[in-house]
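The block underneath contains the structure these notes are about, expressed in structure tokens.
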Amino acid sequence: MRLRVEFTTEPFDLDEAPAHAVVAREIVTGAELDAVDVGPFGNTAEGDADRVLGAVAALLRESLQAGATRVSLQVNVIGEAKRDEGDLT
């Protein structure tokens, strides 16, 4: 199964990226996910379900520890994994 995660961390800082946003982006870009897109107000990534769910767990834990007061996220099923990729079943 493939998943797409969309997330934002708050509070926002328009002058520079806060530590919690930097941590969240580092987790997602380092998680070997596909189609990673980071921006100032929203971020998305796609990949194998196990990798996405692992990245989401780390993202929540570490961005909250880095000062996030709110993390908004949405996870969507976008299709089946290739035969050689992990699956939740």
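Naming works like this for the structure tokens: A, B, ... for the chains as they're shown, residue 1 at the start of each chain, ligands 1 onward in shown order.
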
Could you give me, as CSV, every range 1-33 of chain A residue with an atom at most 8 Å from range 51-65 of chain A, plus its closest atom pair and distance in Å to one decimal, counting only C-alpha atoms, rows ordered by chain then number?
```
residue,atom,partner,partner_atom,distance
A:Leu3,CA,A:Val52,CA,6.6
A:Arg4,CA,A:Val52,CA,7.6
A:Val5,CA,A:Val52,CA,7.2
A:Thr9,CA,A:Ser63,CA,7.6
A:Ala19,CA,A:Ser63,CA,7.9
A:His20,CA,A:Ser63,CA,4.6
A:Ala21,CA,A:Ser63,CA,6.9
A:Val23,CA,A:Ser63,CA,5.9
A:Ala24,CA,A:Leu59,CA,5.3
A:Ile27,CA,A:Leu59,CA,6.2
A:Val28,CA,A:Ala55,CA,6.2
A:Ala31,CA,A:Ala55,CA,6.2
A:Glu32,CA,A:Arg51,CA,7.5
A:Leu33,CA,A:Arg51,CA,7.0
```

Write out as a list of chain:residue names all residues of range 12-87 of chain A that DSSP puts in alpha helix (DSSP H) for this structure's backbone.
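Those residues are A:Ala19, A:His20, A:Ala21, A:Val22, A:Val23, A:Ala24, A:Arg25, A:Glu26, A:Ile27, A:Val28, A:Thr29, A:Ala49, A:Asp50, A:Arg51, A:Val52, A:Leu53, A:Gly54, A:Ala55, A:Val56, A:Ala57, A:Ala58, A:Leu59, A:Leu60, A:Arg61, A:Glu62, A:Ser63, A:Leu64, A:Gln65.
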
Mind listing the strand (DSSP E) residues of chain A, per DSSP on the backbone, as a PyMOL selection string?
chain A and resi 2-10+34-38+43-48+70-79

Hey, what's within 12 Å of Asn76 in chain A if we count only C-alpha atoms and toss same-chain stuff fewer than 3 positions away? As a compact mmCIF listing (two decimals) with N, CA, C and O atoms, in the first residue's frame, please?
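Below you can see result07.txt, which holds the result:
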```
# COMPACT_ATOMS: atom_id res chain seq x y z
N MET A 1 0.85 -1.18 0.00
CA MET A 1 0.00 0.00 0.00
C MET A 1 0.89 1.24 0.00
O MET A 1 1.90 1.28 0.68
N ARG A 2 0.50 2.22 -0.79
CA ARG A 2 1.22 3.50 -0.82
C ARG A 2 0.37 4.56 -0.14
O ARG A 2 -0.85 4.55 -0.25
N LEU A 3 1.05 5.45 0.56
CA LEU A 3 0.38 6.53 1.29
C LEU A 3 0.96 7.88 0.91
O LEU A 3 2.13 7.98 0.51
N ARG A 4 0.14 8.90 1.06
CA ARG A 4 0.59 10.29 0.94
C ARG A 4 0.32 10.96 2.28
O ARG A 4 -0.77 10.87 2.82
N VAL A 5 1.32 11.66 2.80
CA VAL A 5 1.15 12.43 4.02
C VAL A 5 1.30 13.91 3.67
O VAL A 5 2.16 14.28 2.88
N GLU A 6 0.41 14.70 4.22
CA GLU A 6 0.48 16.15 4.11
C GLU A 6 0.52 16.68 5.54
O GLU A 6 -0.27 16.25 6.38
N PHE A 7 1.44 17.62 5.82
CA PHE A 7 1.54 18.09 7.20
C PHE A 7 2.04 19.52 7.28
O PHE A 7 2.70 20.02 6.37
N THR A 44 4.42 17.70 1.70
CA THR A 44 3.84 16.42 1.30
C THR A 44 4.94 15.43 0.98
O THR A 44 6.05 15.81 0.61
N ALA A 45 4.61 14.16 1.14
CA ALA A 45 5.52 13.09 0.75
C ALA A 45 4.69 11.85 0.49
O ALA A 45 3.61 11.68 1.06
N GLU A 46 5.20 10.98 -0.35
CA GLU A 46 4.53 9.73 -0.69
C GLU A 46 5.51 8.59 -0.52
O GLU A 46 6.72 8.79 -0.61
N GLY A 47 4.97 7.41 -0.32
CA GLY A 47 5.83 6.25 -0.27
C GLY A 47 5.12 5.02 0.25
O GLY A 47 3.92 5.01 0.50
N ASP A 48 5.92 3.99 0.44
CA ASP A 48 5.47 2.73 1.01
C ASP A 48 4.85 3.02 2.39
O ASP A 48 5.35 3.85 3.15
N ALA A 49 3.79 2.32 2.71
CA ALA A 49 3.05 2.57 3.95
C ALA A 49 3.94 2.48 5.18
O ALA A 49 3.87 3.33 6.07
N VAL A 52 6.16 5.62 5.33
CA VAL A 52 5.38 6.83 5.64
C VAL A 52 4.96 6.82 7.11
O VAL A 52 5.12 7.82 7.81
N LEU A 53 4.44 5.70 7.58
CA LEU A 53 3.98 5.64 8.98
C LEU A 53 5.14 5.79 9.95
O LEU A 53 5.00 6.45 11.00
N LEU A 73 -1.92 17.00 10.23
CA LEU A 73 -1.52 16.09 9.17
C LEU A 73 -2.71 15.30 8.64
O LEU A 73 -3.73 15.15 9.31
N GLY A 79 -2.58 4.12 -3.40
CA GLY A 79 -2.46 2.98 -4.30
C GLY A 79 -1.72 1.84 -3.65
O GLY A 79 -1.35 1.88 -2.49
N GLU A 80 -1.53 0.83 -4.42
CA GLU A 80 -0.83 -0.36 -3.95
C GLU A 80 0.66 -0.21 -4.16
O GLU A 80 1.11 0.41 -5.11
```

For CA of Gln74 in chain A and CA of Glu16 in chain A, quote the distance in Å rounded to one decimal.
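Those two atoms sit 24.5 Å apart.
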
By how many Å are CA of Val75 in chain A and CA of Asp34 in chain A apart?
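Result for CA of Val75 in chain A versus CA of Asp34 in chain A: 14.4 Å, one decimal.
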
Which is closer to Ala68 in chain A than all the others in A:Asp37, A:Thr8, A:Glu26, A:Gly42, using only C-alpha atoms?
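Closest candidate: A:Thr8.
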